[in-house]
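Participant: Below you will find the structure I want to go over with you.
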Amino acid sequence: MNKHGIRKLLTVGAATAIALGGLSACGSDGGATEGGDVTMTFWHNSTTGAGKAHWEKTVAAFEEANPGVKIDIQSIQNEEMDGKLQTALNSGDAPDIFMARGGGKLADVVAAGQAMDITDSIDDATRAAVPEGVLNAFEVDGKIYGMPTAVLPGGIFFSQDLLAEAGVDAAPTTMDELGSAVDKLKTAGIAPIAVGAKDAWPAAHWYYFFALRSCSQDTMNEAAESKKFDDPCWLEAGKEMEAFVETEPFNNGFLTTSAQQGAGSSAGLLANHKAAMELMGAWNPGVIASLTPDQEPLEDLDWFPFPAVDGGDGAEGAMMGGVDGFTCSAQAPQEECTAFLNFFMQQEYQEDYADAFQTLPANQDAQAAVTDPALQSILQAYNDAPYVTVWLDTLFGQNVGNALNKGVVDMLAGQGSAEDIVSAVNDAAAKG
């Protein structure tokens with residue numbers, strides 16, 4: 001991934017000490033023991049399969065290279081992570097190393113004094129391998145508070161076989177074409193689009209992308225600062241979504257469908273050819289692979305960008321996505337914690353990460369390991385995008401982001417409207 005492509009990401013806001021040699025225990029806050037050894041806790045969101053194995057191998061390699069340093073791993077289901085982490089942060093018992101996705105959510109943690117400034121601890125090798133724009137996804141007030149592991153733009157993943165079976169000859173590029181594909185799939189008896197609305201954010205992604213196509217980059221930037229929906233395009237995005245939802249494009253029972261847990265989840269429906277499409281981020285190939293009958297990548301999986309919206313002010317090719325990564329708690333032992341962040345960013349571990357998670361690694365030197373055609377297509381579109389906007393709930397922070405997601409789900413459930421989405425966001429922003 002070239003630096004030019006990544007530097008466009010909308011954000012808010014020592015040589016490698018551990019490659020082969022040992023790292024002396026510093027006896028700092030949190031993990032130091034009486035004997036001088038250091039133990040750190042590490043929370044990640046891969047509970048099964050190759051992803052969980054990746055972190056076990058990486059931690060074992062780090063511990064071997066650094067006698068006296070131990071990392072206790074806890075894997076937590078993705079949909080439970082935010083809540084458990086917030087509870088731990090509020091109680092003053094946060095893990096030393098935890099997931100971060102930038103935007104307003106990270107800014108809130110930084111403002112509360114709960115995240116470590118790692119700016120001066122990012123080693124030269126990491127800075128050379130990770131584009132500046134990716135590192136800056138974890139920037140708050142000019143300081144870096146997290147280490148990226150994956151670049152995760154979003155779009156619509158689909159089964160080539162199911163679209164072909166329904167007579168859809170090409171990936172849709174406009175909403176009219178997507179609507180036509182939905183009609184053909186329904187006629188063929190195939191659920192057109194899987195949505196895990198039970199988890200809220202996958203359903204809200206549909207609104208995010210209608211907004212990306214309806215609103216200009218300047219409007220997106222203004223909303224990132226104000227966290228308010230003042231421009232008429234936010235309402236128009238909701239109305240565009242309402243019109244699309246009226247065509248009944250989603251799987252039966254989508255309001256009670258989970259996103260990524262089991263064969264009946266939205267990812268599982270695509271993995272098992274029970275639905276043709278799903279709007280999701282670039283982690284989806286790995287999730288889908290874990291849910292196929294043989295737990296191998298879906299051979300006919302492909303991807304296309306979210307279609308254009310007639311009359312929208314968003315630039316052609318603009319994308320939405322995020323950067324996953326990890327940060328150190330403000331109370332973590334600084335030397336050991338930041339050493340681990342640099343360690344897992346080495347090319348060999350980022351290549352293994354890309355293979356294990358079937359995703360796009362943040363280390364550009366490791367991107368040759370990306371062989372999945374859908375991911376290669378996303379990577380090309382990402383590099384060509386005029387700009388990339390962060391997921392809106394991440395961008396706006398937990399309170400406003402949750403209000404936005406709930407407003408979208410309420411509309412889908414017939415308990416709200418496009419106007420209510422705008423009101424919910426503005427009300428949450430007013431409360432601070």
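Starting from 1 in every chain, residues are counted up; chains themselves are A, B, ... following the order of the structure tokens, and ligands are numbered from 1 as listed.
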Residues at most 10 Å from A:Ala267, counting only C-alpha atoms, excluding those fewer than 2 positions away in the same chain, as a PDB file with N, CA and C atoms, in the first residue's frame?
Facilitator:
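Full text of result-v1.pdb as output:
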ATOM      1  N   PHE A 157     -19.193  -7.369   0.137  1.00  0.00           N
ATOM      2  CA  PHE A 157     -18.659  -8.686  -0.211  1.00  0.00           C
ATOM      3  C   PHE A 157     -19.796  -9.522  -0.791  1.00  0.00           C
ATOM      4  N   ALA A 194     -27.244 -10.037   3.543  1.00  0.00           N
ATOM      5  CA  ALA A 194     -27.254 -10.418   4.958  1.00  0.00           C
ATOM      6  C   ALA A 194     -26.852  -9.223   5.811  1.00  0.00           C
ATOM      7  N   VAL A 195     -27.585  -9.019   6.896  1.00  0.00           N
ATOM      8  CA  VAL A 195     -27.286  -7.923   7.830  1.00  0.00           C
ATOM      9  C   VAL A 195     -27.410  -8.439   9.263  1.00  0.00           C
ATOM     10  N   GLY A 196     -26.382  -8.228  10.060  1.00  0.00           N
ATOM     11  CA  GLY A 196     -26.418  -8.626  11.470  1.00  0.00           C
ATOM     12  C   GLY A 196     -26.885  -7.491  12.345  1.00  0.00           C
ATOM     13  N   THR A 257     -30.516 -11.125  13.698  1.00  0.00           N
ATOM     14  CA  THR A 257     -29.335 -11.839  13.203  1.00  0.00           C
ATOM     15  C   THR A 257     -28.076 -11.192  13.762  1.00  0.00           C
ATOM     16  N   SER A 258     -27.162 -11.999  14.307  1.00  0.00           N
ATOM     17  CA  SER A 258     -25.873 -11.472  14.778  1.00  0.00           C
ATOM     18  C   SER A 258     -24.930 -11.308  13.593  1.00  0.00           C
ATOM     19  N   ALA A 259     -23.809 -10.663  13.829  1.00  0.00           N
ATOM     20  CA  ALA A 259     -22.916 -10.323  12.723  1.00  0.00           C
ATOM     21  C   ALA A 259     -21.896 -11.410  12.401  1.00  0.00           C
ATOM     22  N   GLN A 260     -21.274 -11.992  13.416  1.00  0.00           N
ATOM     23  CA  GLN A 260     -20.084 -12.796  13.138  1.00  0.00           C
ATOM     24  C   GLN A 260     -20.002 -14.078  13.963  1.00  0.00           C
ATOM     25  N   GLN A 261     -21.075 -14.447  14.632  1.00  0.00           N
ATOM     26  CA  GLN A 261     -21.016 -15.591  15.533  1.00  0.00           C
ATOM     27  C   GLN A 261     -21.873 -16.740  14.999  1.00  0.00           C
ATOM     28  N   GLY A 262     -21.246 -17.723  14.386  1.00  0.00           N
ATOM     29  CA  GLY A 262     -21.938 -18.925  13.958  1.00  0.00           C
ATOM     30  C   GLY A 262     -22.474 -18.874  12.540  1.00  0.00           C
ATOM     31  N   ALA A 263     -22.919 -20.037  12.070  1.00  0.00           N
ATOM     32  CA  ALA A 263     -23.392 -20.164  10.697  1.00  0.00           C
ATOM     33  C   ALA A 263     -24.633 -19.334  10.419  1.00  0.00           C
ATOM     34  N   GLY A 264     -25.412 -19.012  11.446  1.00  0.00           N
ATOM     35  CA  GLY A 264     -26.611 -18.217  11.257  1.00  0.00           C
ATOM     36  C   GLY A 264     -26.380 -16.723  11.310  1.00  0.00           C
ATOM     37  N   SER A 265     -25.143 -16.304  11.532  1.00  0.00           N
ATOM     38  CA  SER A 265     -24.821 -14.875  11.539  1.00  0.00           C
ATOM     39  C   SER A 265     -24.819 -14.349  10.109  1.00  0.00           C
ATOM     40  N   LEU A 269     -24.135 -16.581   6.891  1.00  0.00           N
ATOM     41  CA  LEU A 269     -25.046 -16.766   5.767  1.00  0.00           C
ATOM     42  C   LEU A 269     -24.314 -16.654   4.441  1.00  0.00           C
ATOM     43  N   LEU A 270     -23.407 -15.698   4.345  1.00  0.00           N
ATOM     44  CA  LEU A 270     -22.606 -15.574   3.125  1.00  0.00           C
ATOM     45  C   LEU A 270     -21.632 -16.742   3.002  1.00  0.00           C
ATOM     46  N   ALA A 271     -21.034 -17.138   4.114  1.00  0.00           N
ATOM     47  CA  ALA A 271     -20.058 -18.230   4.106  1.00  0.00           C
ATOM     48  C   ALA A 271     -20.668 -19.547   3.639  1.00  0.00           C
ATOM     49  N   ASN A 272     -21.958 -19.720   3.902  1.00  0.00           N
ATOM     50  CA  ASN A 272     -22.636 -20.977   3.581  1.00  0.00           C
ATOM     51  C   ASN A 272     -23.627 -20.841   2.425  1.00  0.00           C
ATOM     52  N   LYS A 274     -26.095 -18.900   1.911  1.00  0.00           N
ATOM     53  CA  LYS A 274     -27.484 -18.683   2.278  1.00  0.00           C
ATOM     54  C   LYS A 274     -27.913 -17.243   1.993  1.00  0.00           C
ATOM     55  N   ALA A 275     -26.969 -16.393   1.664  1.00  0.00           N
ATOM     56  CA  ALA A 275     -27.227 -15.016   1.250  1.00  0.00           C
ATOM     57  C   ALA A 275     -26.121 -14.616   0.297  1.00  0.00           C
ATOM     58  N   MET A 277     -24.844 -11.290  -0.432  1.00  0.00           N
ATOM     59  CA  MET A 277     -24.001 -10.117  -0.212  1.00  0.00           C
ATOM     60  C   MET A 277     -24.000  -9.726   1.265  1.00  0.00           C
ATOM     61  N   GLU A 278     -22.973  -8.983   1.648  1.00  0.00           N
ATOM     62  CA  GLU A 278     -22.904  -8.391   2.983  1.00  0.00           C
ATOM     63  C   GLU A 278     -22.019  -7.159   2.934  1.00  0.00           C
ATOM     64  N   LEU A 279     -22.498  -6.054   3.500  1.00  0.00           N
ATOM     65  CA  LEU A 279     -21.697  -4.838   3.626  1.00  0.00           C
ATOM     66  C   LEU A 279     -20.858  -4.949   4.891  1.00  0.00           C
ATOM     67  N   MET A 280     -19.522  -4.872   4.740  1.00  0.00           N
ATOM     68  CA  MET A 280     -18.660  -5.120   5.897  1.00  0.00           C
ATOM     69  C   MET A 280     -17.263  -4.583   5.605  1.00  0.00           C
ATOM     70  N   ASN A 284     -13.701  -9.101   6.848  1.00  0.00           N
ATOM     71  CA  ASN A 284     -14.746 -10.069   6.569  1.00  0.00           C
ATOM     72  C   ASN A 284     -14.259 -11.369   5.938  1.00  0.00           C
ATOM     73  N   PRO A 285     -13.288 -11.362   5.002  1.00  0.00           N
ATOM     74  CA  PRO A 285     -12.840 -12.642   4.450  1.00  0.00           C
ATOM     75  C   PRO A 285     -12.365 -13.620   5.509  1.00  0.00           C
ATOM     76  N   GLY A 286     -11.679 -13.117   6.536  1.00  0.00           N
ATOM     77  CA  GLY A 286     -11.214 -14.003   7.598  1.00  0.00           C
ATOM     78  C   GLY A 286     -12.349 -14.547   8.434  1.00  0.00           C
ATOM     79  N   VAL A 287     -13.331 -13.690   8.753  1.00  0.00           N
ATOM     80  CA  VAL A 287     -14.491 -14.145   9.508  1.00  0.00           C
ATOM     81  C   VAL A 287     -15.269 -15.176   8.707  1.00  0.00           C
ATOM     82  N   ILE A 288     -15.487 -14.888   7.424  1.00  0.00           N
ATOM     83  CA  ILE A 288     -16.227 -15.814   6.552  1.00  0.00           C
ATOM     84  C   ILE A 288     -15.506 -17.153   6.459  1.00  0.00           C
ATOM     85  N   ALA A 289     -14.184 -17.113   6.310  1.00  0.00           N
ATOM     86  CA  ALA A 289     -13.415 -18.359   6.214  1.00  0.00           C
ATOM     87  C   ALA A 289     -13.597 -19.224   7.449  1.00  0.00           C
ATOM     88  N   SER A 290     -13.729 -18.612   8.607  1.00  0.00           N
ATOM     89  CA  SER A 290     -13.891 -19.380   9.851  1.00  0.00           C
ATOM     90  C   SER A 290     -15.277 -20.010   9.964  1.00  0.00           C
ATOM     91  N   LEU A 291     -16.210 -19.599   9.090  1.00  0.00           N
ATOM     92  CA  LEU A 291     -17.591 -20.054   9.182  1.00  0.00           C
ATOM     93  C   LEU A 291     -18.032 -20.917   8.002  1.00  0.00           C
ATOM     94  N   THR A 292     -17.132 -21.181   7.052  1.00  0.00           N
ATOM     95  CA  THR A 292     -17.461 -22.099   5.962  1.00  0.00           C
ATOM     96  C   THR A 292     -17.439 -23.529   6.503  1.00  0.00           C
TER      97      THR A 292
END
Participant: Which neighbours of A:Ala164 fall inside 12 Å, counting only C-alpha atoms, when residues of the same chain fewer than 5 positions from it are skipped, and could you give them as a list in words?
Facilitator: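 Those residues are Phe158, Ser159, Asp169, Ala170, Ala171, Ala181, Lys184, Leu185, Ala188, Ile190, Ala276 and Asp300 of chain A.
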Participant: Calculated over only C-alpha atoms, which of the candidates A:Ala211, A:Met147, A:Ala111, A:Val134 has the smallest distance to A:Cys328?
Facilitator: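 Once distances to A:Cys328 are computed over only C-alpha atoms, the minimum belongs to A:Met147.
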Participant: List every residue of stretch 158-246 of chain A that DSSP, applied to the backbone, labels as strand (DSSP E), and write the result as a list in words.
Facilitator: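 Restricting stretch 158-246 of chain A to strand (DSSP E) produces Phe158, Ser159, Ala191, Pro192 and Ile193 of chain A.
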Participant: Using only C-alpha atoms, what table do you get, as a Markdown table, when you list each residue of stretch 128-157 of chain A with an atom no more than 7 Å from stretch 347-365 of chain A, its nearest pair of atoms, and their distance in Å rounded to one decimal, rows by chain then rising number?
Facilitator:
| residue | atom | partner | partner_atom | distance |
| --- | --- | --- | --- | --- |
| A:Ala129 | CA | A:Asn363 | CA | 5.3 |
| A:Val130 | CA | A:Asn363 | CA | 4.9 |
| A:Pro148 | CA | A:Ala362 | CA | 6.1 |
| A:Thr149 | CA | A:Ala362 | CA | 5.1 |
| A:Ala150 | CA | A:Pro361 | CA | 4.4 |
| A:Val151 | CA | A:Leu360 | CA | 5.5 |
| A:Leu152 | CA | A:Leu360 | CA | 6.8 |
Participant: Restrict the selected residues to N, CA and C atoms and save them as an mmCIF file, in the first residue's frame.
Facilitator:
data_model
loop_
_atom_site.group_PDB
_atom_site.id
_atom_site.type_symbol
_atom_site.label_atom_id
_atom_site.label_comp_id
_atom_site.auth_asym_id
_atom_site.auth_seq_id
_atom_site.Cartn_x
_atom_site.Cartn_y
_atom_site.Cartn_z
ATOM 1 N N ALA A 129 8.130 1.180 7.988
ATOM 2 C CA ALA A 129 7.251 0.179 7.371
ATOM 3 C C ALA A 129 5.782 0.568 7.364
ATOM 4 N N VAL A 130 5.385 1.466 8.269
ATOM 5 C CA VAL A 130 3.975 1.832 8.391
ATOM 6 C C VAL A 130 3.784 3.272 7.910
ATOM 7 N N PRO A 148 -1.051 0.481 14.946
ATOM 8 C CA PRO A 148 -1.977 -0.170 14.015
ATOM 9 C C PRO A 148 -1.525 -1.576 13.654
ATOM 10 N N THR A 149 -2.496 -2.458 13.441
ATOM 11 C CA THR A 149 -2.179 -3.801 12.945
ATOM 12 C C THR A 149 -2.808 -4.080 11.588
ATOM 13 N N ALA A 150 -3.972 -3.472 11.306
ATOM 14 C CA ALA A 150 -4.669 -3.769 10.060
ATOM 15 C C ALA A 150 -5.371 -2.531 9.528
ATOM 16 N N VAL A 151 -5.421 -2.441 8.202
ATOM 17 C CA VAL A 151 -6.154 -1.388 7.510
ATOM 18 C C VAL A 151 -7.440 -2.011 6.987
ATOM 19 N N LEU A 152 -8.612 -1.417 7.299
ATOM 20 C CA LEU A 152 -9.878 -2.120 7.115
ATOM 21 C C LEU A 152 -10.937 -1.285 6.399
#
Participant: If you count only C-alpha atoms, which residues fall within 12 Å of A:Glu248, apart from same-chain ones fewer than 2 positions away, as a PyMOL selection string?
Facilitator: chain A and resi 179+182-183+185-186+191-195+241-246+250-254+412
Participant: Using the selection just defined, write its residues with C-alpha atoms as an mmCIF file, in the first residue's frame.
Facilitator:
data_model
loop_
_atom_site.group_PDB
_atom_site.id
_atom_site.type_symbol
_atom_site.label_atom_id
_atom_site.label_comp_id
_atom_site.auth_asym_id
_atom_site.auth_seq_id
_atom_site.Cartn_x
_atom_site.Cartn_y
_atom_site.Cartn_z
ATOM 1 C CA GLY A 179 -31.725 -2.649 -6.694
ATOM 2 C CA VAL A 182 -31.671 -7.500 -5.361
ATOM 3 C CA ASP A 183 -34.759 -8.119 -7.525
ATOM 4 C CA LEU A 185 -31.744 -12.581 -6.425
ATOM 5 C CA LYS A 186 -35.180 -12.566 -4.815
ATOM 6 C CA ALA A 191 -31.588 -13.851 0.122
ATOM 7 C CA PRO A 192 -29.936 -10.788 -1.440
ATOM 8 C CA ILE A 193 -28.143 -9.126 1.479
ATOM 9 C CA ALA A 194 -27.254 -10.418 4.958
ATOM 10 C CA VAL A 195 -27.286 -7.923 7.830
ATOM 11 C CA MET A 241 -31.622 4.342 3.018
ATOM 12 C CA GLU A 242 -35.322 4.308 3.855
ATOM 13 C CA ALA A 243 -36.159 4.007 0.163
ATOM 14 C CA PHE A 244 -33.715 1.141 -0.267
ATOM 15 C CA VAL A 245 -34.962 -0.712 2.814
ATOM 16 C CA GLU A 246 -38.535 -0.512 1.486
ATOM 17 C CA PHE A 250 -32.179 -8.018 3.646
ATOM 18 C CA ASN A 251 -32.342 -11.588 4.926
ATOM 19 C CA ASN A 252 -35.420 -12.765 6.800
ATOM 20 C CA GLY A 253 -35.010 -12.030 10.491
ATOM 21 C CA PHE A 254 -32.138 -9.598 9.970
ATOM 22 C CA LEU A 412 -35.134 -0.433 10.406
#
Participant: Of the candidates A:Gly268, A:Pro373, A:Gly407, A:Gly401, which one gets nearest to A:Gln160 if we count only C-alpha atoms?
Facilitator: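 Once distances to A:Gln160 are computed over only C-alpha atoms, the minimum belongs to A:Pro373.
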Participant: Sorted by chain and rising residue number, which residues of stretch 83-188 of chain A lie within 12 Å of stretch 37-56 of chain A, and what are their closest atom pairs and distances in Å to one decimal, counting only C-alpha atoms, as JSON lines?
Facilitator:
{"residue": "A:Lys84", "atom": "CA", "partner": "A:Trp43", "partner_atom": "CA", "distance": 10.2}
{"residue": "A:Leu85", "atom": "CA", "partner": "A:Trp43", "partner_atom": "CA", "distance": 8.8}
{"residue": "A:Ala88", "atom": "CA", "partner": "A:Trp43", "partner_atom": "CA", "distance": 11.2}
{"residue": "A:Asp93", "atom": "CA", "partner": "A:Thr41", "partner_atom": "CA", "distance": 10.5}
{"residue": "A:Ala94", "atom": "CA", "partner": "A:Thr41", "partner_atom": "CA", "distance": 8.7}
{"residue": "A:Pro95", "atom": "CA", "partner": "A:Thr41", "partner_atom": "CA", "distance": 5.1}
{"residue": "A:Asp96", "atom": "CA", "partner": "A:Thr41", "partner_atom": "CA", "distance": 5.1}
{"residue": "A:Ile97", "atom": "CA", "partner": "A:Phe42", "partner_atom": "CA", "distance": 4.7}
{"residue": "A:Phe98", "atom": "CA", "partner": "A:Trp43", "partner_atom": "CA", "distance": 5.0}
{"residue": "A:Met99", "atom": "CA", "partner": "A:His44", "partner_atom": "CA", "distance": 6.2}
{"residue": "A:Ala100", "atom": "CA", "partner": "A:His44", "partner_atom": "CA", "distance": 9.9}
{"residue": "A:Thr149", "atom": "CA", "partner": "A:His44", "partner_atom": "CA", "distance": 11.7}
Participant: Just write the chosen residues, C-alpha atoms, as a PDB file, in the first residue's frame.
Facilitator:
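Saved result, selection.pdb, follows:
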ATOM      1  CA  LYS A  84     -15.948  -5.059  28.902  1.00  0.00           C
ATOM      2  CA  LEU A  85     -13.108  -2.704  28.122  1.00  0.00           C
ATOM      3  CA  ALA A  88     -12.368  -2.239  33.083  1.00  0.00           C
ATOM      4  CA  ASP A  93      -8.388  -2.272  36.290  1.00  0.00           C
ATOM      5  CA  ALA A  94      -7.699  -1.981  32.557  1.00  0.00           C
ATOM      6  CA  PRO A  95      -5.538  -4.515  30.723  1.00  0.00           C
ATOM      7  CA  ASP A  96      -2.010  -3.329  29.947  1.00  0.00           C
ATOM      8  CA  ILE A  97      -2.539  -3.845  26.192  1.00  0.00           C
ATOM      9  CA  PHE A  98      -5.969  -3.440  24.617  1.00  0.00           C
ATOM     10  CA  MET A  99      -7.678  -2.869  21.285  1.00  0.00           C
ATOM     11  CA  ALA A 100      -7.923   0.616  19.828  1.00  0.00           C
ATOM     12  CA  THR A 149      -2.179  -3.801  12.945  1.00  0.00           C
TER      13      THR A 149
END
Participant: Quick one: pull the distance between atom CA of A:Gln415 and atom CA of A:Thr256, Å, one decimal.
Facilitator: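 If I compute the distance from atom CA of A:Gln415 to atom CA of A:Thr256, I get 15.2 Å.
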Participant: Name all residues at most 8 Å from stretch 314-326 of chain A (count only C-alpha atoms; drop same-chain ones fewer than 3 positions away) and give them as an MDAnalysis selection string.
Facilitator: chainID A and resid 97:102 134 137 146:154 209 212:217 281 305 308 341 381:382 384:391
